[in-house]
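Text of data.txt (compact mmCIF, C-alpha atoms and all ligand atoms) as supplied:
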```txt
# COMPACT_ATOMS: atom_id res chain seq x y z
CA MET A 7 -5.01 35.44 -21.50
CA LYS A 8 -3.61 31.88 -21.63
CA LYS A 9 -0.58 31.18 -19.49
CA THR A 10 2.32 29.37 -21.11
CA PHE A 11 5.39 28.09 -19.34
CA ARG A 12 9.01 29.00 -19.93
CA GLN A 13 10.92 27.83 -16.84
CA LYS A 14 12.63 24.51 -16.17
CA LEU A 15 10.35 21.87 -14.65
CA LYS A 16 12.01 19.96 -11.82
CA ILE A 17 10.86 16.36 -11.38
CA ALA A 18 11.67 14.26 -8.30
CA HIS A 19 11.51 10.46 -8.53
CA LEU A 20 11.23 9.42 -4.89
CA TYR A 21 12.87 6.19 -3.65
CA PRO A 22 13.34 4.64 -7.15
CA ASP A 23 15.74 2.03 -5.72
CA PHE A 24 13.10 0.85 -3.20
CA LEU A 25 9.78 1.36 -4.94
CA ASN A 26 9.72 0.41 -8.62
CA LEU A 27 7.47 -2.51 -9.57
CA TYR A 28 5.91 -3.59 -12.87
CA GLY A 29 7.51 -0.88 -14.94
CA ASP A 30 6.73 2.05 -12.65
CA LYS A 31 9.78 3.85 -14.04
CA GLY A 32 7.90 4.04 -17.35
CA ASN A 33 5.84 6.79 -15.74
CA ILE A 34 8.96 8.94 -15.49
CA LEU A 35 9.87 8.09 -19.08
CA ALA A 36 6.40 9.11 -20.26
CA LEU A 37 6.57 12.43 -18.40
CA THR A 38 10.07 13.29 -19.60
CA ARG A 39 9.42 12.23 -23.21
CA ARG A 40 6.25 14.31 -23.36
CA LEU A 41 8.22 17.31 -22.10
CA GLU A 42 11.07 16.68 -24.57
CA TRP A 43 8.72 16.26 -27.54
CA ARG A 44 7.29 19.68 -26.72
CA GLY A 45 10.68 21.28 -26.31
CA LEU A 46 10.00 21.99 -22.62
CA ASP A 47 13.01 22.15 -20.34
CA PHE A 48 13.18 19.81 -17.34
CA GLU A 49 15.53 18.30 -14.80
CA LEU A 50 15.03 14.87 -13.26
CA GLU A 51 16.45 13.95 -9.86
CA ASN A 52 16.22 10.67 -7.95
CA ILE A 53 15.78 11.11 -4.19
CA THR A 54 16.22 8.14 -1.93
CA ILE A 55 16.46 7.32 1.77
CA GLY A 56 18.68 9.73 3.69
CA GLU A 57 19.05 12.30 0.91
CA HIS A 58 17.51 15.05 2.99
CA ASN A 59 19.79 17.67 1.48
CA LYS A 60 17.58 17.47 -1.64
CA LYS A 61 14.70 19.65 -0.50
CA PHE A 62 11.21 18.77 -1.75
CA SER A 63 10.40 22.48 -2.01
CA ASP A 64 12.94 22.75 -4.88
CA PHE A 65 10.83 20.44 -7.09
CA ASP A 66 7.64 20.93 -9.13
CA LEU A 67 6.43 17.36 -9.75
CA PHE A 68 6.86 14.14 -7.74
CA PHE A 69 6.52 10.43 -8.46
CA ILE A 70 6.58 7.42 -6.07
CA GLY A 71 6.22 3.84 -7.32
CA GLY A 72 5.08 0.60 -5.72
CA GLY A 73 6.97 -2.04 -3.77
CA GLN A 74 6.91 -4.93 -1.35
CA ASP A 75 5.94 -4.49 2.31
CA SER A 76 9.56 -4.64 3.53
CA GLN A 77 10.65 -1.84 1.18
CA GLN A 78 7.58 0.16 2.07
CA SER A 79 8.49 -0.04 5.70
CA ASP A 80 12.05 1.25 5.01
CA VAL A 81 10.66 4.12 2.96
CA ALA A 82 7.98 4.88 5.58
CA LYS A 83 10.71 5.52 8.18
CA ASP A 84 12.39 8.07 5.90
CA LEU A 85 9.09 9.67 4.94
CA ALA A 86 8.15 10.00 8.60
CA ILE A 87 11.16 12.32 9.03
CA ARG A 88 10.11 14.30 5.93
CA LYS A 89 6.37 14.27 6.63
CA ASN A 90 5.92 18.03 7.09
CA GLU A 91 8.16 18.79 4.13
CA LEU A 92 6.07 16.60 1.80
CA LYS A 93 2.78 17.82 3.25
CA ALA A 94 3.88 21.40 2.57
CA VAL A 95 4.49 20.81 -1.14
CA ILE A 96 1.08 19.10 -1.47
CA GLU A 97 -0.62 22.01 0.32
CA PHE A 98 1.26 24.24 -2.12
CA GLU A 99 -0.60 22.32 -4.88
CA LYS A 100 2.43 20.67 -6.43
CA PRO A 101 1.44 17.44 -8.21
CA LEU A 102 2.50 14.05 -6.92
CA LEU A 103 1.63 10.68 -8.46
CA ALA A 104 1.96 7.63 -6.19
CA VAL A 105 1.41 4.05 -7.36
CA CYS A 106 0.31 1.14 -5.18
CA GLY A 107 2.88 0.78 -2.34
CA GLY A 108 3.60 4.51 -2.63
CA TYR A 109 -0.15 5.26 -2.61
CA GLN A 110 -0.60 3.19 0.55
CA LEU A 111 2.11 5.25 2.29
CA LEU A 112 0.30 8.51 1.53
CA GLY A 113 -2.70 7.31 3.50
CA LYS A 114 -3.05 7.29 7.27
CA THR A 115 -1.94 3.72 7.98
CA TYR A 116 -0.99 0.51 6.19
CA GLN A 117 -1.51 -2.71 8.06
CA THR A 118 0.67 -5.34 6.37
CA SER A 119 -0.20 -9.00 5.86
CA GLU A 120 1.86 -9.75 8.98
CA ALA A 121 -0.37 -7.34 10.90
CA ASP A 122 2.41 -4.77 11.40
CA GLU A 123 1.11 -1.26 11.24
CA ILE A 124 3.08 1.12 9.05
CA GLU A 125 2.33 4.74 9.86
CA GLY A 126 1.50 6.67 6.69
CA LEU A 127 1.70 10.37 5.95
CA GLY A 128 -2.02 11.04 6.26
CA ILE A 129 -1.94 13.27 3.17
CA LEU A 130 -4.71 11.17 1.63
CA ASP A 131 -7.62 10.48 3.95
CA VAL A 132 -7.52 6.72 3.35
CA TYR A 133 -6.25 3.69 5.24
CA THR A 134 -5.10 0.29 4.00
CA GLU A 135 -5.29 -3.22 5.44
CA ALA A 136 -3.75 -6.29 3.86
CA ILE A 137 -5.30 -9.73 4.21
CA LYS A 138 -3.60 -11.45 7.19
CA GLN A 139 -0.84 -13.81 6.11
CA GLU A 140 -2.29 -16.94 7.75
CA ASN A 141 -5.49 -16.43 5.76
CA THR A 142 -3.75 -15.58 2.53
CA ASP A 143 -3.83 -17.68 -0.53
CA LYS A 144 -2.99 -16.38 -3.98
CA GLN A 145 -6.67 -15.65 -4.65
CA ASP A 146 -6.67 -12.96 -2.01
CA ARG A 147 -4.40 -10.67 -3.96
CA LEU A 148 -6.27 -8.25 -6.13
CA VAL A 149 -4.69 -8.87 -9.54
CA ALA A 150 -6.26 -7.67 -12.78
CA ASN A 151 -6.09 -5.47 -15.80
CA VAL A 152 -8.17 -2.47 -14.82
CA VAL A 153 -10.43 -0.11 -16.73
CA ALA A 154 -11.95 2.75 -14.72
CA GLU A 155 -13.91 5.90 -15.47
CA LEU A 156 -11.74 8.89 -14.58
CA LEU A 157 -13.35 11.08 -11.91
CA LEU A 158 -10.46 13.55 -11.55
CA PRO A 159 -11.49 16.64 -13.52
CA LEU A 160 -9.12 17.38 -16.42
CA SER A 161 -8.19 20.95 -17.28
CA PHE A 162 -8.42 20.29 -21.03
CA GLU A 163 -10.64 18.44 -23.50
CA SER A 164 -9.52 14.84 -23.91
CA GLU A 165 -10.98 12.08 -26.01
CA LEU A 166 -9.98 9.65 -23.22
CA LYS A 167 -12.34 9.49 -20.24
CA THR A 168 -10.95 6.32 -18.66
CA LEU A 169 -7.81 5.02 -16.99
CA VAL A 170 -6.29 1.67 -17.93
CA GLY A 171 -3.62 -0.18 -15.98
CA PHE A 172 -2.55 -3.30 -14.12
CA GLU A 173 -3.10 -3.91 -10.40
CA ASN A 174 -1.47 -6.46 -8.08
CA HIS A 175 -1.92 -5.78 -4.36
CA SER A 176 -3.00 -7.48 -1.19
CA GLY A 177 -3.79 -4.19 0.56
CA ARG A 178 -7.39 -3.01 0.64
CA THR A 179 -7.65 0.77 0.73
CA ARG A 180 -10.73 2.52 2.08
CA PHE A 181 -11.78 6.14 2.52
CA SER A 182 -11.78 7.18 6.18
CA ARG A 183 -14.83 9.42 5.75
CA GLN A 184 -17.34 10.11 3.01
CA ASP A 185 -17.25 13.89 3.35
CA SER A 186 -13.47 14.05 3.11
CA ALA A 187 -11.46 16.42 0.89
CA THR A 188 -9.86 13.24 -0.48
CA LYS A 189 -11.91 12.02 -3.45
CA PRO A 190 -11.90 8.81 -5.51
CA LEU A 191 -9.70 9.06 -8.60
CA ALA A 192 -11.78 6.74 -10.76
CA LYS A 193 -14.77 4.40 -10.79
CA ILE A 194 -14.10 0.77 -11.61
CA ILE A 195 -15.48 -0.63 -14.86
CA LYS A 196 -13.24 -3.72 -14.92
CA GLY A 197 -10.89 -5.01 -12.19
CA HIS A 198 -10.89 -4.52 -8.40
CA GLY A 199 -9.54 -1.05 -7.56
CA ASN A 200 -9.06 0.12 -3.98
CA ASN A 201 -10.62 -2.83 -2.19
CA GLY A 202 -12.70 -4.92 -4.62
CA GLU A 203 -15.90 -3.80 -2.88
CA ASP A 204 -16.79 -0.12 -3.13
CA GLY A 205 -16.14 0.27 -6.86
CA PHE A 206 -13.51 2.99 -6.53
CA GLU A 207 -9.94 3.14 -7.77
CA GLY A 208 -7.32 5.47 -6.32
CA ALA A 209 -7.77 8.76 -4.52
CA TYR A 210 -6.74 12.38 -4.85
CA TYR A 211 -6.39 15.41 -2.62
CA LYS A 212 -5.46 18.73 -4.27
CA ASN A 213 -2.88 17.61 -6.89
CA CYS A 214 -1.74 14.55 -4.96
CA ILE A 215 -2.91 11.41 -6.76
CA GLY A 216 -2.71 7.83 -5.47
CA THR A 217 -3.58 4.84 -7.63
CA TYR A 218 -3.19 1.07 -7.72
CA LEU A 219 -2.46 1.18 -11.44
CA HIS A 220 0.98 -0.02 -12.45
CA GLY A 221 1.67 -0.97 -15.93
CA SER A 222 3.24 1.55 -16.65
CA LEU A 223 0.31 3.88 -16.12
CA LEU A 224 1.23 7.12 -17.90
CA PRO A 225 2.33 5.81 -21.34
CA LYS A 226 -1.14 4.24 -21.71
CA ASN A 227 -2.92 7.23 -20.15
CA PRO A 228 -1.40 10.27 -21.88
CA HIS A 229 -4.26 12.50 -20.66
CA LEU A 230 -3.24 11.86 -17.04
CA ALA A 231 0.43 12.49 -17.90
CA ASP A 232 -0.49 15.85 -19.46
CA GLU A 233 -2.74 16.78 -16.55
CA LEU A 234 0.19 16.27 -14.16
CA ILE A 235 2.47 18.34 -16.41
CA LEU A 236 -0.10 21.14 -16.74
CA ARG A 237 -0.67 21.28 -13.00
CA ALA A 238 3.08 21.27 -12.35
CA LEU A 239 3.67 24.05 -14.84
CA LYS A 240 0.61 25.94 -13.61
CA CYS A 241 -0.28 26.76 -17.20
CA ASP A 242 -3.52 26.48 -19.19
CA GLU A 243 -2.43 24.56 -22.23
CA LEU A 244 0.37 22.50 -23.71
CA PRO A 245 1.46 22.20 -27.34
CA SER A 246 -0.48 19.22 -28.70
CA LEU A 247 1.23 15.92 -29.53
CA ASN A 248 0.35 13.15 -31.94
CA ASP A 249 -1.06 10.59 -29.46
CA GLU A 250 -2.50 8.22 -32.07
CA MET A 251 -0.47 5.26 -30.79
CA GLU A 252 -1.14 5.97 -27.10
CA ILE A 253 -4.86 6.43 -27.71
CA SER A 254 -5.22 3.27 -29.80
CA THR A 255 -3.27 1.28 -27.14
CA HIS A 256 -5.59 2.67 -24.48
CA LYS A 257 -8.65 1.67 -26.52
CA VAL A 258 -7.33 -1.84 -27.18
CA LEU A 259 -6.83 -2.26 -23.42
CA ILE A 260 -10.40 -1.13 -22.73
CA GLY A 261 -11.61 -3.90 -25.02
CA SER A 262 -9.26 -6.64 -23.76
CA ARG A 263 -10.89 -9.50 -21.87
CA CYS A 264 -8.52 -10.23 -18.98
N1 LIG B 301 2.81 -4.34 -0.73
C1 LIG B 301 1.61 -3.78 -1.21
C2 LIG B 301 0.45 -4.73 -1.41
O1 LIG B 301 0.61 -5.86 -1.86
C3 LIG B 301 1.94 -3.01 -2.46
C4 LIG B 301 2.26 -3.84 -3.66
C5 LIG B 301 2.54 -3.04 -4.90
O2 LIG B 301 3.08 -1.94 -4.84
N2 LIG B 301 2.22 -3.64 -6.04
O3 LIG B 301 -0.64 -4.36 -1.12
```
What does this structure look like when you write it as structure tokens?
Amino acid sequence: MKKTFRQKLKIAHLYPDFLNLYGDKGNILALTRRLEWRGLDFELENITIGEHNKKFSDFDLFFIGGGQDSQQSDVAKDLAIRKNELKAVIEFEKPLLAVCGGYQLLGKTYQTSEADEIEGLGILDVYTEAIKQENTDKQDRLVANVVAELLLPLSFESELKTLVGFENHSGRTRFSRQDSATKPLAKIIKGHGNNGEDGFEGAYYKNCIGTYLHGSLLPKNPHLADELILRALKCDELPSLNDEMEISTHKVLIGSRC
């Protein structure tokens, strides 16, 4: 029998005042609109540095955006205190989407362009190194519109098999080991992805997804938005929506040249 969901979905937007680049907040808008359009009840809470009274275990779905190195380092200090708490919700298979700077913090370490090492959470078995500042010129940033074949298995039939988005990062993210439980999220068709070399974009472990795709990501990738919602609700199907506009936008972006 198919499981449908009746309870309130609780969404946590982590550190929105520190990590929110290139329209990352649009991901929250996409999630909440898609819930509203389906008449599904939800509650959205922002959680920032020091708000440790808001327990991660009370939430069903998490989002962290991207940011500059200095903001990442502030957030990393707070996350270090909450490391076990966040790890527990991931082990409990609650979905989390992290973009760029947030993605880097979910890995083991992030070495900034000034060669400072920011300790990550080690939830994703990846590590990130930025090009050293003295060697940096603008060319060294990985900036592009990205198209990538989605490798994350979806729990429903979707006409979309790709992810589209915009990347702008100096960090190069690599998998620590090939036989890891952390897997690549997508395979690059256009753009740079994790490091511009191995052809992969993003990573996932259980329902924790890291990606370099800003943009905003979810409005242009409604299949990923619904996958996150389904996994958060732990149900088998969602009422369908008319995604004509989202799908045609996605297809236009696949065909765009830059
Ligand atoms: N500071 C990181 C980098 O440049 C993340 C940037 C971002 O979130 N766009 O690699």
Could you list, as a ChimeraX atom specification, all the residues within 10 Å of ligand LIG 301 (chain B), counting only C-alpha atoms and all ligand atoms?
-> /A:25-28,30,71-79,104-111,116-119,134-137,147-149,172-179,200,217-220
Could you name the residues that touch A:Gly32 at 10 Å or less, counting all atoms listed in the file, but leaving out those on the same chain fewer than 2 positions away, as a ChimeraX atom specification?
-> /A:26,28-30,34-38,220-225
Counting all atoms listed in the file, which of A:Val258, A:Ile235, A:Ala18, A:Glu91 gets nearest to A:Leu46?
->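 Residue with the minimum atom-to-atom distance to A:Leu46: A:Ile235.
Atom CA of A:Asp146 is found 17.0 Å from atom CA of A:Gly205.
Of the listed residues A:Gly126, A:Gly208, A:Gly113, A:Gly216, the one whose atoms come nearest to A:Ile70 is A:Gly216, with distances taken using all atoms listed in the file.
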Can you find the residues with an atom no farther than 7 Å from (3.4, 14.3, 2.8), counting only C-alpha atoms, and report them as a list in words?
->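 The residues near that point, listed by chain and number, are Lys89, Asn90, Glu91, Leu92, Lys93, Ile96, Leu112, Leu127 and Ile129 of chain A.
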